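As provided, upload-v4.pdb (PDB, C-alpha atoms, pLDDT in the B column) reads as follows.
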ATOM      1  CA  MET A   1     108.356 -36.343-126.021  1.00 73.00           C
ATOM      2  CA  SER A   2     108.287 -38.655-123.037  1.00 90.00           C
ATOM      3  CA  VAL A   3     108.719 -36.000-120.308  1.00 94.00           C
ATOM      4  CA  ILE A   4     107.412 -32.472-119.969  1.00 97.00           C
ATOM      5  CA  THR A   5     107.892 -30.016-117.112  1.00 97.00           C
ATOM      6  CA  MET A   6     105.678 -26.956-116.763  1.00 96.00           C
ATOM      7  CA  ARG A   7     107.058 -24.183-114.522  1.00 95.00           C
ATOM      8  CA  PHE A   8     105.139 -21.157-113.320  1.00 92.00           C
ATOM      9  CA  LEU A   9     104.259 -19.080-110.264  1.00 90.00           C
ATOM     10  CA  ALA A  10     101.217 -20.060-108.222  1.00 90.00           C
ATOM     11  CA  SER A  11      99.024 -17.015-108.600  1.00 79.00           C
ATOM     12  CA  ALA A  12      96.545 -15.378-106.300  1.00 64.00           C
ATOM     13  CA  MET A  13      93.897 -16.313-108.897  1.00 63.00           C
ATOM     14  CA  ALA A  14      93.791 -19.855-107.467  1.00 57.00           C
ATOM     15  CA  PRO A  15      93.650 -19.477-103.678  1.00 57.00           C
ATOM     16  CA  GLY A  16      92.124 -21.909-101.266  1.00 58.00           C
ATOM     17  CA  LEU A  17      90.625 -20.764 -97.984  1.00 64.00           C
ATOM     18  CA  ASP A  18      93.974 -20.792 -96.171  1.00 73.00           C
ATOM     19  CA  LYS A  19      96.012 -18.773 -98.712  1.00 80.00           C
ATOM     20  CA  THR A  20      97.303 -21.875-100.416  1.00 88.00           C
ATOM     21  CA  VAL A  21      96.459 -23.219-103.857  1.00 90.00           C
ATOM     22  CA  SER A  22      93.247 -25.250-103.900  1.00 87.00           C
ATOM     23  CA  GLY A  23      93.390 -28.980-104.587  1.00 89.00           C
ATOM     24  CA  GLY A  24      91.115 -28.543-107.592  1.00 90.00           C
ATOM     25  CA  THR A  25      93.574 -26.120-109.157  1.00 90.00           C
ATOM     26  CA  VAL A  26      96.444 -28.556-108.595  1.00 94.00           C
ATOM     27  CA  MET A  27      94.400 -31.324-110.247  1.00 95.00           C
ATOM     28  CA  LYS A  28      93.791 -29.030-113.247  1.00 94.00           C
ATOM     29  CA  TRP A  29      97.554 -28.487-113.573  1.00 96.00           C
ATOM     30  CA  ILE A  30      98.123 -32.255-113.363  1.00 97.00           C
ATOM     31  CA  ASP A  31      95.618 -32.865-116.161  1.00 97.00           C
ATOM     32  CA  GLU A  32      97.170 -30.160-118.351  1.00 97.00           C
ATOM     33  CA  ALA A  33     100.709 -31.510-117.943  1.00 98.00           C
ATOM     34  CA  GLY A  34      99.539 -35.083-118.499  1.00 98.00           C
ATOM     35  CA  TYR A  35      97.690 -34.018-121.646  1.00 98.00           C
ATOM     36  CA  ALA A  36     100.749 -32.179-122.988  1.00 98.00           C
ATOM     37  CA  CYS A  37     102.953 -35.225-122.402  1.00 98.00           C
ATOM     38  CA  ALA A  38     100.470 -37.702-123.901  1.00 98.00           C
ATOM     39  CA  SER A  39      99.632 -35.530-126.919  1.00 97.00           C
ATOM     40  CA  GLY A  40     103.305 -34.877-127.559  1.00 96.00           C
ATOM     41  CA  TRP A  41     104.022 -38.613-127.581  1.00 97.00           C
ATOM     42  CA  ALA A  42     100.946 -39.589-129.609  1.00 97.00           C
ATOM     43  CA  LYS A  43     101.200 -36.590-131.946  1.00 96.00           C
ATOM     44  CA  SER A  44      97.420 -36.326-131.714  1.00 96.00           C
ATOM     45  CA  HIS A  45      94.602 -35.222-129.447  1.00 96.00           C
ATOM     46  CA  CYS A  46      94.271 -37.375-126.324  1.00 97.00           C
ATOM     47  CA  LEU A  47      91.528 -37.971-123.782  1.00 97.00           C
ATOM     48  CA  THR A  48      91.955 -38.495-120.059  1.00 95.00           C
ATOM     49  CA  VAL A  49      90.375 -41.844-119.201  1.00 94.00           C
ATOM     50  CA  TYR A  50      91.746 -42.502-115.718  1.00 89.00           C
ATOM     51  CA  ALA A  51      93.344 -40.659-112.822  1.00 90.00           C
ATOM     52  CA  SER A  52      94.355 -42.549-109.720  1.00 86.00           C
ATOM     53  CA  GLY A  53      96.172 -42.174-106.474  1.00 83.00           C
ATOM     54  CA  VAL A  54      96.160 -38.396-106.285  1.00 92.00           C
ATOM     55  CA  ARG A  55      98.188 -37.758-103.156  1.00 93.00           C
ATOM     56  CA  PHE A  56      98.566 -34.310-101.657  1.00 95.00           C
ATOM     57  CA  HIS A  57     101.737 -34.302 -99.539  1.00 96.00           C
ATOM     58  CA  HIS A  58     102.203 -30.576 -98.856  1.00 95.00           C
ATOM     59  CA  PRO A  59     100.219 -27.404 -99.588  1.00 93.00           C
ATOM     60  CA  ILE A  60     101.401 -25.005-102.294  1.00 93.00           C
ATOM     61  CA  GLY A  61     101.740 -21.434-101.102  1.00 89.00           C
ATOM     62  CA  LEU A  62     100.596 -18.526-103.208  1.00 85.00           C
ATOM     63  CA  HIS A  63     103.453 -17.051-105.254  1.00 86.00           C
ATOM     64  CA  HIS A  64     105.522 -20.235-104.914  1.00 91.00           C
ATOM     65  CA  LEU A  65     107.413 -21.535-107.913  1.00 94.00           C
ATOM     66  CA  VAL A  66     105.582 -24.644-109.170  1.00 96.00           C
ATOM     67  CA  GLU A  67     106.903 -27.470-111.357  1.00 97.00           C
ATOM     68  CA  VAL A  68     104.494 -30.023-112.787  1.00 98.00           C
ATOM     69  CA  GLU A  69     106.388 -32.922-114.350  1.00 98.00           C
ATOM     70  CA  ALA A  70     104.526 -35.455-116.485  1.00 98.00           C
ATOM     71  CA  ARG A  71     106.484 -38.558-117.449  1.00 96.00           C
ATOM     72  CA  LEU A  72     105.491 -41.351-119.810  1.00 96.00           C
ATOM     73  CA  ALA A  73     105.690 -44.546-117.780  1.00 94.00           C
ATOM     74  CA  TYR A  74     104.112 -47.222-119.953  1.00 91.00           C
ATOM     75  CA  THR A  75     102.313 -47.537-123.289  1.00 94.00           C
ATOM     76  CA  GLY A  76      99.640 -49.901-124.503  1.00 91.00           C
ATOM     77  CA  HIS A  77      98.110 -50.141-127.970  1.00 94.00           C
ATOM     78  CA  THR A  78      96.167 -46.850-127.810  1.00 94.00           C
ATOM     79  CA  GLY A  79      96.819 -45.730-124.239  1.00 94.00           C
ATOM     80  CA  MET A  80      99.610 -44.019-122.376  1.00 96.00           C
ATOM     81  CA  ASN A  81     100.238 -44.202-118.644  1.00 94.00           C
ATOM     82  CA  ILE A  82     101.605 -40.921-117.344  1.00 96.00           C
ATOM     83  CA  ALA A  83     103.112 -40.373-113.890  1.00 96.00           C
ATOM     84  CA  VAL A  84     102.718 -36.765-112.756  1.00 98.00           C
ATOM     85  CA  GLU A  85     104.597 -35.126-109.896  1.00 97.00           C
ATOM     86  CA  VAL A  86     104.055 -31.588-108.628  1.00 98.00           C
ATOM     87  CA  ARG A  87     106.801 -29.763-106.733  1.00 98.00           C
ATOM     88  CA  SER A  88     106.847 -26.270-105.267  1.00 96.00           C
ATOM     89  CA  GLY A  89     109.031 -23.948-103.262  1.00 95.00           C
ATOM     90  CA  ASP A  90     109.808 -20.336-102.482  1.00 91.00           C
ATOM     91  CA  VAL A  91     110.584 -18.468-105.697  1.00 87.00           C
ATOM     92  CA  LYS A  92     113.506 -16.732-103.968  1.00 88.00           C
ATOM     93  CA  GLY A  93     115.337 -20.022-103.770  1.00 82.00           C
ATOM     94  CA  GLY A  94     115.499 -23.014-101.581  1.00 77.00           C
ATOM     95  CA  ARG A  95     114.252 -26.531-101.750  1.00 89.00           C
ATOM     96  CA  MET A  96     111.443 -27.714-104.017  1.00 94.00           C
ATOM     97  CA  LEU A  97     109.155 -30.141-102.164  1.00 96.00           C
ATOM     98  CA  LYS A  98     107.074 -32.849-103.790  1.00 97.00           C
ATOM     99  CA  THR A  99     103.559 -31.615-103.072  1.00 97.00           C
ATOM    100  CA  THR A 100     101.347 -33.915-105.151  1.00 97.00           C
ATOM    101  CA  GLU A 101     101.560 -37.053-107.294  1.00 95.00           C
ATOM    102  CA  CYS A 102      99.160 -38.907-109.551  1.00 94.00           C
ATOM    103  CA  LEU A 103      98.948 -41.648-112.171  1.00 93.00           C
ATOM    104  CA  MET A 104      96.915 -40.928-115.304  1.00 95.00           C
ATOM    105  CA  VAL A 105      95.914 -42.845-118.414  1.00 94.00           C
ATOM    106  CA  PHE A 106      95.254 -41.104-121.712  1.00 97.00           C
ATOM    107  CA  VAL A 107      94.096 -42.547-125.024  1.00 97.00           C
ATOM    108  CA  ALA A 108      94.995 -41.101-128.402  1.00 97.00           C
ATOM    109  CA  VAL A 109      92.088 -40.266-130.684  1.00 97.00           C
ATOM    110  CA  ASP A 110      91.860 -39.334-134.351  1.00 95.00           C
ATOM    111  CA  ALA A 111      89.821 -36.500-135.887  1.00 93.00           C
ATOM    112  CA  ASP A 112      86.663 -38.644-135.631  1.00 95.00           C
ATOM    113  CA  GLY A 113      87.210 -39.372-131.933  1.00 92.00           C
ATOM    114  CA  GLU A 114      88.195 -43.004-132.565  1.00 94.00           C
ATOM    115  CA  HIS A 115      91.011 -44.558-130.557  1.00 96.00           C
ATOM    116  CA  MET A 116      94.225 -44.764-132.535  1.00 96.00           C
ATOM    117  CA  PRO A 117      97.478 -46.650-131.956  1.00 97.00           C
ATOM    118  CA  VAL A 118     100.453 -44.968-130.297  1.00 96.00           C
ATOM    119  CA  ASP A 119     104.140 -45.706-130.689  1.00 96.00           C
ATOM    120  CA  ALA A 120     105.491 -48.101-128.089  1.00 94.00           C
ATOM    121  CA  TRP A 121     107.711 -46.552-125.435  1.00 93.00           C
ATOM    122  CA  LYS A 122     110.556 -48.548-123.928  1.00 91.00           C
ATOM    123  CA  PRO A 123     112.166 -47.514-120.642  1.00 91.00           C
ATOM    124  CA  GLY A 124     115.862 -46.812-121.085  1.00 90.00           C
ATOM    125  CA  THR A 125     117.177 -46.124-117.587  1.00 92.00           C
ATOM    126  CA  PRO A 126     116.889 -48.035-114.308  1.00 94.00           C
ATOM    127  CA  GLY A 127     114.613 -45.271-112.984  1.00 91.00           C
ATOM    128  CA  GLU A 128     112.329 -45.535-116.013  1.00 91.00           C
ATOM    129  CA  MET A 129     112.233 -49.336-115.683  1.00 92.00           C
ATOM    130  CA  ALA A 130     111.276 -49.074-112.004  1.00 93.00           C
ATOM    131  CA  LEU A 131     108.561 -46.533-112.817  1.00 89.00           C
ATOM    132  CA  ALA A 132     107.147 -48.758-115.587  1.00 90.00           C
ATOM    133  CA  ARG A 133     107.019 -51.743-113.182  1.00 90.00           C
ATOM    134  CA  ALA A 134     105.327 -49.673-110.475  1.00 88.00           C
ATOM    135  CA  VAL A 135     102.731 -48.354-112.926  1.00 84.00           C
ATOM    136  CA  ARG A 136     101.929 -51.830-114.267  1.00 84.00           C
ATOM    137  CA  THR A 137     101.566 -53.105-110.684  1.00 85.00           C
ATOM    138  CA  GLN A 138      99.214 -50.250-109.784  1.00 80.00           C
ATOM    139  CA  LEU A 139      97.113 -50.804-112.908  1.00 77.00           C
ATOM    140  CA  GLU A 140      96.862 -54.545-112.250  1.00 77.00           C
ATOM    141  CA  ALA A 141      95.703 -53.815-108.694  1.00 76.00           C
ATOM    142  CA  TYR A 142      93.046 -51.502-110.123  1.00 72.00           C
ATOM    143  CA  ARG A 143      91.833 -54.181-112.537  1.00 69.00           C
ATOM    144  CA  THR A 144      91.573 -56.819-109.793  1.00 66.00           C
ATOM    145  CA  PRO A 145      88.041 -56.991-108.359  1.00 66.00           C
ATOM    146  CA  GLN A 146      88.086 -55.601-104.827  1.00 57.00           C
ATOM    147  CA  PHE A 147      85.077 -57.544-103.592  1.00 56.00           C
ATOM    148  CA  ALA A 148      85.306 -60.899-105.341  1.00 52.00           C
TER
END
Can the structure in the file be given as structure tokens, please?
Amino acid sequence: MSVITMRFLASAMAPGLDKTVSGGTVMKWIDEAGYACASGWAKSHCLTVYASGVRFHHPIGLHHLVEVEARLAYTGHTGMNIAVEVRSGDVKGGRMLKTTECLMVFVAVDADGEHMPVDAWKPGTPGEMALARAVRTQLEAYRTPQFA
């Protein structure tokens, strides 16, 4: 599957100091959703090899409804680039705000831990094409030496 959305209530088990969800907890959710998306596409175990551009836009209140959407954005030979967006809002209704976003790269591995090929993914909609371009641009910027 190329998209997965996890939905749940932010529990009091993950509070920060100000009665919001801690950033570390949000990053754990991002990794879990990214893993589910990558493993679903690869049909195998996957390893997180890169996480970039984690941006926290808004805090997540305790007991808010949370959606963590992981979307396949680009595939290489063994790797998958996953864009993850976290949204939250009052469970009683109302607007869901984008709270956090991140780009992740996973590699598929076999039972021996060796990298294995993944099926190519082709964007099918204008939104998917734009996301694939943005991800490739971000990855190229990462690969360019910053202090050459």
Ranking A:His77, A:His64, A:Ser88, A:Val105 by minimum distance to Trp121 (chain A) and counting only C-alpha atoms, which one comes first?
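Ranked by minimum distance to Trp121 (chain A), first place goes to A:His77.
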Using only C-alpha atoms for the distances, tell me which of A:Met80, A:Met96, A:Ala36, A:Ala120 is nearest to Arg136 (chain A).
A:Met80
Within-12 Å shell of (100.7, -30.8, -124.3) in input frame, all atoms listed in the file, as a list in words
Met1, Ser2, Val3, Ile4, Thr5, Met6, Trp29, Ile30, Asp31, Glu32, Ala33, Gly34, Tyr35, Ala36, Cys37, Ala38, Ser39, Gly40, Trp41, Ala42, Lys43, Ser44, His45, Cys46, Leu47, Glu69, Ala70, Arg71 and Phe106 of chain A
Distance in Å - CA of Ala73 (chain A) versus CA of Gln138 (chain A):
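Interatomic distance, CA of Ala73 (chain A) to CA of Gln138 (chain A): 11.8 Å.
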Name the closest residue to Thr20 (chain A) among the candidates A:Lys122, A:His115, A:His58, A:Arg95; distances are taken between atoms, counting all atoms listed in the file.
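Comparing A:Lys122, A:His115, A:His58, A:Arg95 against Thr20 (chain A), the winner is A:His58.
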Anything within 9 Å of (106.9, -54.3, -118.2): list those residues as a PyMOL selection string, counting all atoms listed in the file and sticking to the file's coordinates.
chain A and resi 74+122-123+129+132-133+135-136
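For the atom pair formed by CA of Ser52 (chain A) and CA of Glu128 (chain A), the distance is 19.3 Å, given to one decimal.
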Find the residue from A:Gly113, A:Gly89, A:Pro126, A:Pro59 that sits nearest to Val21 (chain A); use all atoms listed in the file when measuring.
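Nearest to Val21 (chain A): A:Pro59.
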Selected by the PyMOL selection byres ((chain A and resi 118) around 6) in the shown coordinates: which residues, as number ranges by chain?
A: 42, 78, 117, 119
Enter the distance from CA of Arg7 (chain A) to CA of Leu65 (chain A), in Å, rounded to one decimal.
7.1 Å
